[in-house]
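Structure data follow from work20.pdb (PDB, C-alpha atoms and all ligand atoms):
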MODEL        1
ATOM      1  CA  MET A   1     -93.615-180.662 -21.582
ATOM      2  CA  GLU A   2     -93.283-184.404 -22.157
ATOM      3  CA  PHE A   3     -90.166-185.071 -24.249
ATOM      4  CA  SER A   4     -92.189-186.936 -26.894
ATOM      5  CA  GLN A   5     -94.458-183.888 -27.156
ATOM      6  CA  VAL A   6     -91.482-181.544 -27.557
ATOM      7  CA  ILE A   7     -90.231-183.645 -30.470
ATOM      8  CA  LYS A   8     -93.679-183.607 -32.051
ATOM      9  CA  GLU A   9     -94.342-179.897 -31.607
ATOM     10  CA  ARG A  10     -90.988-178.506 -32.760
ATOM     11  CA  TYR A  11     -91.006-177.119 -36.259
ATOM     12  CA  SER A  12     -88.986-174.571 -38.214
ATOM     13  CA  CYS A  13     -90.674-171.214 -37.818
ATOM     14  CA  LYS A  14     -90.157-168.869 -40.742
ATOM     15  CA  LYS A  15     -92.318-165.903 -39.648
ATOM     16  CA  TYR A  16     -91.879-164.199 -36.259
ATOM     17  CA  ASP A  17     -93.613-161.280 -34.599
ATOM     18  CA  GLY A  18     -90.312-159.536 -33.798
ATOM     19  CA  ARG A  19     -90.426-159.842 -29.994
ATOM     20  CA  LYS A  20     -87.236-160.949 -28.299
ATOM     21  CA  ILE A  21     -87.443-163.769 -25.814
ATOM     22  CA  SER A  22     -87.059-162.925 -22.120
ATOM     23  CA  ASP A  23     -83.770-163.223 -20.255
ATOM     24  CA  GLU A  24     -85.252-166.084 -18.228
ATOM     25  CA  GLN A  25     -86.270-167.986 -21.367
ATOM     26  CA  LEU A  26     -82.877-167.321 -22.920
ATOM     27  CA  THR A  27     -81.060-168.633 -19.851
ATOM     28  CA  ARG A  28     -83.137-171.820 -19.826
ATOM     29  CA  ILE A  29     -82.290-172.448 -23.459
ATOM     30  CA  LEU A  30     -78.587-171.661 -23.021
ATOM     31  CA  GLU A  31     -78.455-173.913 -19.960
ATOM     32  CA  ALA A  32     -79.682-176.848 -22.068
ATOM     33  CA  GLY A  33     -76.801-176.171 -24.463
ATOM     34  CA  ARG A  34     -74.369-176.097 -21.555
ATOM     35  CA  LEU A  35     -75.416-179.638 -20.585
ATOM     36  CA  ALA A  36     -74.946-181.086 -24.076
ATOM     37  CA  PRO A  37     -72.390-183.865 -24.447
ATOM     38  CA  THR A  38     -69.191-183.168 -26.400
ATOM     39  CA  ALA A  39     -66.348-185.445 -27.463
ATOM     40  CA  LYS A  40     -63.853-185.742 -24.598
ATOM     41  CA  ASN A  41     -66.055-183.207 -22.794
ATOM     42  CA  LEU A  42     -64.102-180.420 -24.469
ATOM     43  CA  GLN A  43     -67.108-178.073 -24.542
ATOM     44  CA  GLU A  44     -65.598-176.116 -27.392
ATOM     45  CA  GLN A  45     -68.835-174.345 -28.217
ATOM     46  CA  HIS A  46     -69.171-170.576 -28.022
ATOM     47  CA  ILE A  47     -72.631-169.094 -28.340
ATOM     48  CA  TYR A  48     -73.240-165.467 -29.218
ATOM     49  CA  VAL A  49     -76.555-163.818 -28.387
ATOM     50  CA  ALA A  50     -77.912-161.249 -30.833
ATOM     51  CA  ASN A  51     -81.018-159.381 -29.670
ATOM     52  CA  THR A  52     -80.313-155.695 -30.204
ATOM     53  CA  PRO A  53     -81.554-153.861 -33.323
ATOM     54  CA  GLU A  54     -77.948-153.015 -34.222
ATOM     55  CA  VAL A  55     -76.654-156.589 -34.191
ATOM     56  CA  LEU A  56     -79.812-157.997 -35.788
ATOM     57  CA  ALA A  57     -79.290-155.514 -38.640
ATOM     58  CA  VAL A  58     -75.766-156.877 -39.135
ATOM     59  CA  ILE A  59     -77.187-160.413 -39.284
ATOM     60  CA  ASP A  60     -79.760-159.304 -41.861
ATOM     61  CA  LYS A  61     -76.926-158.154 -44.114
ATOM     62  CA  HIS A  62     -75.671-161.728 -44.343
ATOM     63  CA  THR A  63     -78.778-163.930 -44.337
ATOM     64  CA  PRO A  64     -82.346-163.621 -45.615
ATOM     65  CA  CYS A  65     -83.434-166.135 -42.982
ATOM     66  CA  ARG A  66     -83.906-164.180 -39.748
ATOM     67  CA  TYR A  67     -87.605-163.965 -40.554
ATOM     68  CA  ASN A  68     -88.051-161.115 -38.027
ATOM     69  CA  ALA A  69     -87.004-163.244 -35.041
ATOM     70  CA  GLY A  70     -86.233-160.978 -32.091
ATOM     71  CA  THR A  71     -83.381-163.137 -30.832
ATOM     72  CA  VAL A  72     -80.739-164.989 -32.804
ATOM     73  CA  LEU A  73     -78.066-167.256 -31.384
ATOM     74  CA  ILE A  74     -74.836-167.789 -33.281
ATOM     75  CA  VAL A  75     -73.417-171.197 -32.465
ATOM     76  CA  ALA A  76     -69.664-171.337 -33.001
ATOM     77  CA  PHE A  77     -66.848-173.494 -31.741
ATOM     78  CA  ASN A  78     -63.169-173.083 -30.916
ATOM     79  CA  LYS A  79     -61.237-174.783 -33.721
ATOM     80  CA  ASP A  80     -58.162-174.950 -31.466
ATOM     81  CA  ASN A  81     -59.969-177.053 -28.876
ATOM     82  CA  VAL A  82     -61.427-179.937 -30.866
ATOM     83  CA  TYR A  83     -60.750-183.646 -30.560
ATOM     84  CA  THR A  84     -59.161-185.431 -33.509
ATOM     85  CA  TYR A  85     -60.213-189.063 -33.488
ATOM     86  CA  PRO A  86     -57.410-191.648 -33.471
ATOM     87  CA  ASN A  87     -56.299-192.796 -36.914
ATOM     88  CA  SER A  88     -58.565-190.248 -38.511
ATOM     89  CA  THR A  89     -58.641-186.698 -39.761
ATOM     90  CA  ARG A  90     -62.180-186.375 -38.388
ATOM     91  CA  GLN A  91     -62.591-183.728 -35.719
ATOM     92  CA  SER A  92     -65.257-183.144 -33.120
ATOM     93  CA  GLY A  93     -66.036-179.450 -33.623
ATOM     94  CA  ILE A  94     -68.939-179.606 -36.032
ATOM     95  CA  GLU A  95     -70.632-182.559 -34.395
ATOM     96  CA  ASP A  96     -70.219-181.201 -30.868
ATOM     97  CA  ALA A  97     -71.642-177.825 -31.858
ATOM     98  CA  THR A  98     -74.460-179.620 -33.680
ATOM     99  CA  ILE A  99     -75.424-181.485 -30.522
ATOM    100  CA  VAL A 100     -75.362-178.211 -28.589
ATOM    101  CA  ALA A 101     -77.571-176.576 -31.221
ATOM    102  CA  THR A 102     -80.027-179.469 -31.075
ATOM    103  CA  HIS A 103     -80.269-179.123 -27.298
ATOM    104  CA  LEU A 104     -80.974-175.403 -27.753
ATOM    105  CA  ILE A 105     -83.750-176.053 -30.255
ATOM    106  CA  LEU A 106     -85.471-178.688 -28.152
ATOM    107  CA  ALA A 107     -85.170-176.625 -24.972
ATOM    108  CA  ALA A 108     -86.756-173.720 -26.820
ATOM    109  CA  ALA A 109     -89.647-175.895 -27.990
ATOM    110  CA  ASP A 110     -90.086-177.192 -24.446
ATOM    111  CA  ILE A 111     -90.889-173.677 -23.200
ATOM    112  CA  GLY A 112     -92.962-172.616 -26.191
ATOM    113  CA  ILE A 113     -90.270-170.667 -28.048
ATOM    114  CA  ASP A 114     -90.274-171.054 -31.824
ATOM    115  CA  SER A 115     -87.006-171.504 -33.675
ATOM    116  CA  CYS A 116     -85.328-172.123 -36.996
ATOM    117  CA  TRP A 117     -81.889-173.530 -37.772
ATOM    118  CA  VAL A 118     -80.217-171.274 -40.328
ATOM    119  CA  ASN A 119     -77.270-172.337 -42.464
ATOM    120  CA  CYS A 120     -78.058-170.078 -45.395
ATOM    121  CA  VAL A 121     -75.731-167.314 -44.236
ATOM    122  CA  ASP A 122     -72.488-165.815 -45.480
ATOM    123  CA  ILE A 123     -70.528-167.123 -42.508
ATOM    124  CA  ASP A 124     -67.194-165.489 -43.340
ATOM    125  CA  ALA A 125     -68.707-162.061 -43.971
ATOM    126  CA  LEU A 126     -70.823-162.258 -40.794
ATOM    127  CA  LYS A 127     -67.826-163.325 -38.765
ATOM    128  CA  ALA A 128     -65.754-160.456 -40.097
ATOM    129  CA  ASP A 129     -68.542-157.914 -39.599
ATOM    130  CA  LEU A 130     -69.035-158.975 -35.972
ATOM    131  CA  GLY A 131     -65.306-159.186 -35.314
ATOM    132  CA  LEU A 132     -65.452-162.788 -34.096
ATOM    133  CA  PRO A 133     -62.079-164.401 -33.357
ATOM    134  CA  ASP A 134     -60.188-166.207 -36.115
ATOM    135  CA  ASN A 135     -59.947-169.411 -34.096
ATOM    136  CA  GLU A 136     -63.732-169.824 -34.035
ATOM    137  CA  GLU A 137     -65.899-171.367 -36.718
ATOM    138  CA  ILE A 138     -69.590-170.547 -36.961
ATOM    139  CA  LEU A 139     -71.740-173.669 -37.257
ATOM    140  CA  MET A 140     -75.180-172.152 -37.567
ATOM    141  CA  LEU A 141     -77.569-169.379 -36.602
ATOM    142  CA  LEU A 142     -80.623-170.123 -34.488
ATOM    143  CA  ASP A 143     -83.614-167.855 -34.854
ATOM    144  CA  LEU A 144     -85.641-167.728 -31.635
ATOM    145  CA  GLY A 145     -88.926-166.019 -30.959
ATOM    146  CA  PHE A 146     -92.660-166.142 -31.295
ATOM    147  CA  ALA A 147     -94.463-167.156 -34.466
ATOM    148  CA  GLU A 148     -96.483-164.388 -36.055
ATOM    149  CA  LYS A 149    -100.224-164.896 -35.666
ATOM    150  CA  GLY A 150    -101.402-167.468 -38.200
ATOM    151  CA  ALA A 151     -97.896-168.713 -38.987
ATOM    152  CA  GLY A 152     -97.118-172.388 -38.516
ATOM    153  CA  PRO A 153     -95.147-175.264 -39.924
ATOM    154  CA  LEU A 154     -94.437-175.386 -43.661
ATOM    155  CA  PRO A 155     -96.184-178.242 -45.536
ATOM    156  CA  ASN A 156     -92.948-180.243 -45.745
ATOM    157  CA  HIS A 157     -92.784-180.395 -41.948
ATOM    158  CA  SER A 158     -95.177-183.346 -41.921
ATOM    159  CA  LEU A 159     -93.356-185.207 -44.696
ATOM    160  CA  ARG A 160     -91.122-187.692 -42.954
ATOM    161  CA  LYS A 161     -89.853-190.927 -44.423
ATOM    162  CA  GLU A 162     -91.049-194.178 -42.908
ATOM    163  CA  LEU A 163     -88.642-195.937 -40.543
ATOM    164  CA  SER A 164     -88.380-198.734 -43.113
ATOM    165  CA  GLU A 165     -86.666-196.258 -45.466
ATOM    166  CA  THR A 166     -84.074-195.029 -42.990
ATOM    167  CA  VAL A 167     -83.445-197.951 -40.637
ATOM    168  CA  THR A 168     -81.848-201.328 -41.334
ATOM    169  CA  TYR A 169     -81.781-204.108 -38.766
ATOM    170  CA  LEU A 170     -78.467-205.913 -39.192
ATOM    171  CA  LYS A 171     -78.542-209.704 -38.985
TER     172      LYS A 171
HETATM  173  C1  LIG B   1     -78.944-178.276 -40.953
HETATM  174  C2  LIG B   1     -80.155-177.423 -41.263
HETATM  175  C3  LIG B   1     -80.007-176.250 -41.976
HETATM  176  C4  LIG B   1     -81.108-175.435 -42.226
HETATM  177  N1  LIG B   1     -80.918-174.238 -42.844
HETATM  178  C5  LIG B   1     -81.986-173.443 -43.067
HETATM  179  C6  LIG B   1     -81.811-172.156 -43.652
HETATM  180  O1  LIG B   1     -80.710-171.710 -43.933
HETATM  181  N2  LIG B   1     -82.916-171.407 -43.858
HETATM  182  C7  LIG B   1     -84.168-171.842 -43.505
HETATM  183  O2  LIG B   1     -85.133-171.113 -43.731
HETATM  184  N3  LIG B   1     -84.366-173.037 -42.948
HETATM  185  C8  LIG B   1     -83.303-173.846 -42.715
HETATM  186  N4  LIG B   1     -83.489-175.055 -42.093
HETATM  187  C9  LIG B   1     -84.829-175.496 -41.711
HETATM  188  C10 LIG B   1     -85.331-176.558 -42.686
HETATM  189  O3  LIG B   1     -85.808-175.900 -43.836
HETATM  190  C11 LIG B   1     -86.436-177.380 -42.001
HETATM  191  O4  LIG B   1     -85.906-177.981 -40.861
HETATM  192  C12 LIG B   1     -86.971-178.491 -42.890
HETATM  193  O5  LIG B   1     -87.600-177.924 -43.993
HETATM  194  C13 LIG B   1     -87.959-179.383 -42.156
HETATM  195  O6  LIG B   1     -88.978-178.613 -41.589
HETATM  196  P1  LIG B   1     -89.284-178.686 -40.037
HETATM  197  O7  LIG B   1     -88.023-178.290 -39.317
HETATM  198  O8  LIG B   1     -90.404-177.708 -39.811
HETATM  199  O9  LIG B   1     -89.675-180.097 -39.709
HETATM  200  C14 LIG B   1     -82.405-175.853 -41.812
HETATM  201  C15 LIG B   1     -82.537-177.035 -41.080
HETATM  202  C16 LIG B   1     -81.434-177.819 -40.808
HETATM  203  C17 LIG B   1     -81.607-179.066 -39.993
ENDMDL
END

Once you've parsed the file, please lay out its structure as structure tokens.
Amino acid sequence: MEFSQVIKERYSCKKYDGRKISDEQLTRILEAGRLAPTAKNLQEQHIYVANTPEVLAVIDKHTPCRYNAGTVLIVAFNKDNVYTYPNSTRQSGIEDATIVATHLILAAADIGIDSCWVNCVDIDALKADLGLPDNEEILMLLDLGFAEKGAGPLPNHSLRKELSETVTYLK
């Protein structure tokens, strides 16, 4: 799909038909995350794939926002492998993982897979329940799948501020 079309067609899907995406689709999406830029090219992301009934049930214990998606990615990063910017306490982990997640979302849209970014999750409880390592921080969950028949974007999807409200040309 044309990139401009991908940007236009992506929306947050909040009702799925329960089917998991195919291994081929999953690999294409994960590959787009692999190519994402990270500070100092540290590639500190770690992505977990959840697509079995057992693991999806664990996820459901900690978020109301799976919306029956058949596949969920958990985007985490290695806190021990982040870049700390000079003269700053700011670190790269969250922003690097965010770029990776954005690549995943857009790659999904490109091949007709619906998605939703999910932050409304009890991260610590999920991490403990899944036995994820202490040195990793979960950034977000990404629902992936196929919109239920008749489902589509929420009304707020089309409400975007004008550029004049969010952009300033410096003189
Ligand atoms: C950082 C972030 C966190 C979000 N967290 C959630 C969430 O926890 N649950 C949910 O249903 N949607 C979540 N969303 C989806 C937003 O509700 C959605 O992106 C927003 O309403 C705009 O709609 P659109 O994505 O269809 O344009 C999140 C989106 C972003 C970017």

Applying 9 Å and all atoms listed in the file, which residues near Asp134 (chain A) remain after dropping the ones on its own chain fewer than 4 positions away? List them as an MDAnalysis selection string. chainID A and resid 79 127:128

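Around ligand LIG 1 (chain B), using all atoms listed in the file and a cut-off of 6 Å, the residues in contact are Tyr11, Ser12, Cys65, Cys116, Trp117, Val118, Asn119, Cys120, Pro153, Asn156 and His157 of chain A.
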
Report as a VMD selection string the residues that result from applying the PyMOL selection byres (((chain A and resi 39-49) around 6) and not hetatm) to the structure here. chain A and resid 38 50 73 to 78 81 97

Test item: residues at most 7 Å from His103 (chain A), only C-alpha atoms, excluding those fewer than 3 positions along its chain, as a list of chain:residue names: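 Everything that qualifies: A:Ala32, A:Gly33, A:Ala36, A:Ile99, A:Val100, A:Leu106, A:Ala107.
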
Grab the residues selected above and save them as an mmCIF file, in the coordinates of the input with C-alpha atoms.
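Written out: out.cif:
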data_model
loop_
_atom_site.group_PDB
_atom_site.id
_atom_site.type_symbol
_atom_site.label_atom_id
_atom_site.label_comp_id
_atom_site.auth_asym_id
_atom_site.auth_seq_id
_atom_site.Cartn_x
_atom_site.Cartn_y
_atom_site.Cartn_z
ATOM 1 C CA ALA A 32 -79.682 -176.848 -22.068
ATOM 2 C CA GLY A 33 -76.801 -176.171 -24.463
ATOM 3 C CA ALA A 36 -74.946 -181.086 -24.076
ATOM 4 C CA ILE A 99 -75.424 -181.485 -30.522
ATOM 5 C CA VAL A 100 -75.362 -178.211 -28.589
ATOM 6 C CA LEU A 106 -85.471 -178.688 -28.152
ATOM 7 C CA ALA A 107 -85.170 -176.625 -24.972
#

For CA of Asp124 (chain A) and CA of Cys13 (chain A), determine how far apart the two atoms are, in Å to one decimal place. 24.8 Å

Could you work out an axis-aligned bounding box for all listed atoms of region 9-18 of chain A, with 5 Å added on each of the six sides, and give its centre and edge lengths in Å to one decimal, as JSON?
{"center_x": -91.7, "center_y": -169.7, "center_z": -36.2, "size_x": 15.4, "size_y": 30.4, "size_z": 19.1}

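Atom to atom, CA of Ile21 (chain A) and CA of Pro133 (chain A) stand 26.5 Å apart.
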
With a distance cut-off of 12 Å and all atoms listed in the file, select the neighbouring residues of Gly150 (chain A), excluding the residue or stretch itself and same-chain residues fewer than 4 positions from it, and output the selection as an mmCIF file with C-alpha atoms, in the frame of the given file.
data_model
loop_
_atom_site.group_PDB
_atom_site.id
_atom_site.type_symbol
_atom_site.label_atom_id
_atom_site.label_comp_id
_atom_site.auth_asym_id
_atom_site.auth_seq_id
_atom_site.Cartn_x
_atom_site.Cartn_y
_atom_site.Cartn_z
ATOM 1 C CA CYS A 13 -90.674 -171.214 -37.818
ATOM 2 C CA LYS A 14 -90.157 -168.869 -40.742
ATOM 3 C CA LYS A 15 -92.318 -165.903 -39.648
ATOM 4 C CA TYR A 16 -91.879 -164.199 -36.259
ATOM 5 C CA ASP A 17 -93.613 -161.280 -34.599
ATOM 6 C CA PHE A 146 -92.660 -166.142 -31.295
ATOM 7 C CA LEU A 154 -94.437 -175.386 -43.661
#

Which of A:Thr71, A:Thr168, A:Asn87, A:Ser115 sits closest to Glu9 (chain A) [using all atoms listed in the file]: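 Looking only at the distances to Glu9 (chain A), the closest residue turns out to be A:Ser115.
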
Could you tell me how far CA of Leu159 (chain A) lies from CA of Ser4 (chain A), in Å and to one decimal? 17.9 Å

Residue IDs satisfying the PyMOL selection byres (((chain A and resi 110) around 10) and not hetatm), as a list of chain:residue names: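 Output from the PyMOL selection byres (((chain A and resi 110) around 10) and not hetatm), applied to this file: A:Met1, A:Glu2, A:Phe3, A:Gln5, A:Val6, A:Ile7, A:Glu9, A:Arg10, A:Arg28, A:Ile29, A:Leu104, A:Ile105, A:Leu106, A:Ala107, A:Ala108, A:Ala109, A:Ile111, A:Gly112, A:Ile113, A:Asp114.
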
Counting all atoms listed in the file, the option among A:Ile138, A:Val55, A:Leu126, A:Ala69 closest to Ile94 (chain A):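 For Ile94 (chain A), the nearest of the candidates is A:Ile138.
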
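In this comparison, which uses only C-alpha atoms, the residue of A:Leu163, A:Leu130, A:Ala125, A:Ala101 approaching Asp143 (chain A) most closely is A:Ala101.
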
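The smallest atom-to-atom distance between Asp122 (chain A) and any of A:Val72, A:Val58, A:Leu26, A:Leu144, using all atoms listed in the file, is found for A:Val58.
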
Pick the closest to Thr63 (chain A) from A:Gly131, A:Lys171, A:Leu141, A:Lys20: which is it, counting all atoms listed in the file?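 Among the listed residues, the smallest separation from Thr63 (chain A) belongs to A:Leu141.
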
Which one of A:Pro37, A:Glu31, A:Val121, A:Arg19 sits closest to His62 (chain A) if you count only C-alpha atoms? A:Val121

Output region 67-82 of chain A from the block with N, CA and C atoms, as a PDB file, in the first residue's frame?
ATOM      1  N   TYR A  67      -9.905  -6.856  23.530  1.00  0.00           N
ATOM      2  CA  TYR A  67     -11.005  -6.724  22.551  1.00  0.00           C
ATOM      3  C   TYR A  67     -11.139  -7.933  21.634  1.00  0.00           C
ATOM      4  N   ASN A  68     -10.759  -9.120  22.148  1.00  0.00           N
ATOM      5  CA  ASN A  68     -10.879 -10.376  21.389  1.00  0.00           C
ATOM      6  C   ASN A  68      -9.880 -10.490  20.228  1.00  0.00           C
ATOM      7  N   ALA A  69      -8.818  -9.707  20.274  1.00  0.00           N
ATOM      8  CA  ALA A  69      -7.760  -9.866  19.253  1.00  0.00           C
ATOM      9  C   ALA A  69      -7.121 -11.241  19.427  1.00  0.00           C
ATOM     10  N   GLY A  70      -6.837 -11.902  18.306  1.00  0.00           N
ATOM     11  CA  GLY A  70      -6.274 -13.249  18.371  1.00  0.00           C
ATOM     12  C   GLY A  70      -4.774 -13.288  18.579  1.00  0.00           C
ATOM     13  N   THR A  71      -4.142 -12.140  18.387  1.00  0.00           N
ATOM     14  CA  THR A  71      -2.689 -12.032  18.585  1.00  0.00           C
ATOM     15  C   THR A  71      -2.416 -10.741  19.348  1.00  0.00           C
ATOM     16  N   VAL A  72      -1.545 -10.832  20.323  1.00  0.00           N
ATOM     17  CA  VAL A  72      -1.127  -9.632  21.055  1.00  0.00           C
ATOM     18  C   VAL A  72       0.399  -9.646  21.133  1.00  0.00           C
ATOM     19  N   LEU A  73       1.000  -8.513  20.810  1.00  0.00           N
ATOM     20  CA  LEU A  73       2.442  -8.380  21.009  1.00  0.00           C
ATOM     21  C   LEU A  73       2.686  -7.574  22.283  1.00  0.00           C
ATOM     22  N   ILE A  74       3.664  -7.986  23.043  1.00  0.00           N
ATOM     23  CA  ILE A  74       4.081  -7.222  24.216  1.00  0.00           C
ATOM     24  C   ILE A  74       5.429  -6.615  23.860  1.00  0.00           C
ATOM     25  N   VAL A  75       5.461  -5.297  23.804  1.00  0.00           N
ATOM     26  CA  VAL A  75       6.710  -4.618  23.444  1.00  0.00           C
ATOM     27  C   VAL A  75       7.418  -4.180  24.729  1.00  0.00           C
ATOM     28  N   ALA A  76       8.584  -4.758  24.953  1.00  0.00           N
ATOM     29  CA  ALA A  76       9.372  -4.446  26.142  1.00  0.00           C
ATOM     30  C   ALA A  76      10.761  -4.002  25.696  1.00  0.00           C
ATOM     31  N   PHE A  77      11.529  -3.544  26.658  1.00  0.00           N
ATOM     32  CA  PHE A  77      12.929  -3.229  26.334  1.00  0.00           C
ATOM     33  C   PHE A  77      13.818  -3.565  27.519  1.00  0.00           C
ATOM     34  N   ASN A  78      15.099  -3.786  27.197  1.00  0.00           N
ATOM     35  CA  ASN A  78      16.100  -4.155  28.196  1.00  0.00           C
ATOM     36  C   ASN A  78      16.607  -2.881  28.877  1.00  0.00           C
ATOM     37  N   LYS A  79      16.235  -2.701  30.132  1.00  0.00           N
ATOM     38  CA  LYS A  79      16.609  -1.481  30.858  1.00  0.00           C
ATOM     39  C   LYS A  79      18.117  -1.370  31.063  1.00  0.00           C
ATOM     40  N   ASP A  80      18.818  -2.505  30.950  1.00  0.00           N
ATOM     41  CA  ASP A  80      20.277  -2.500  31.142  1.00  0.00           C
ATOM     42  C   ASP A  80      21.028  -2.161  29.862  1.00  0.00           C
ATOM     43  N   ASN A  81      20.290  -1.943  28.781  1.00  0.00           N
ATOM     44  CA  ASN A  81      20.958  -1.688  27.499  1.00  0.00           C
ATOM     45  C   ASN A  81      20.378  -0.446  26.826  1.00  0.00           C
ATOM     46  N   VAL A  82      20.195   0.612  27.634  1.00  0.00           N
ATOM     47  CA  VAL A  82      19.660   1.853  27.071  1.00  0.00           C
ATOM     48  C   VAL A  82      20.764   2.903  27.034  1.00  0.00           C
TER      49      VAL A  82
END
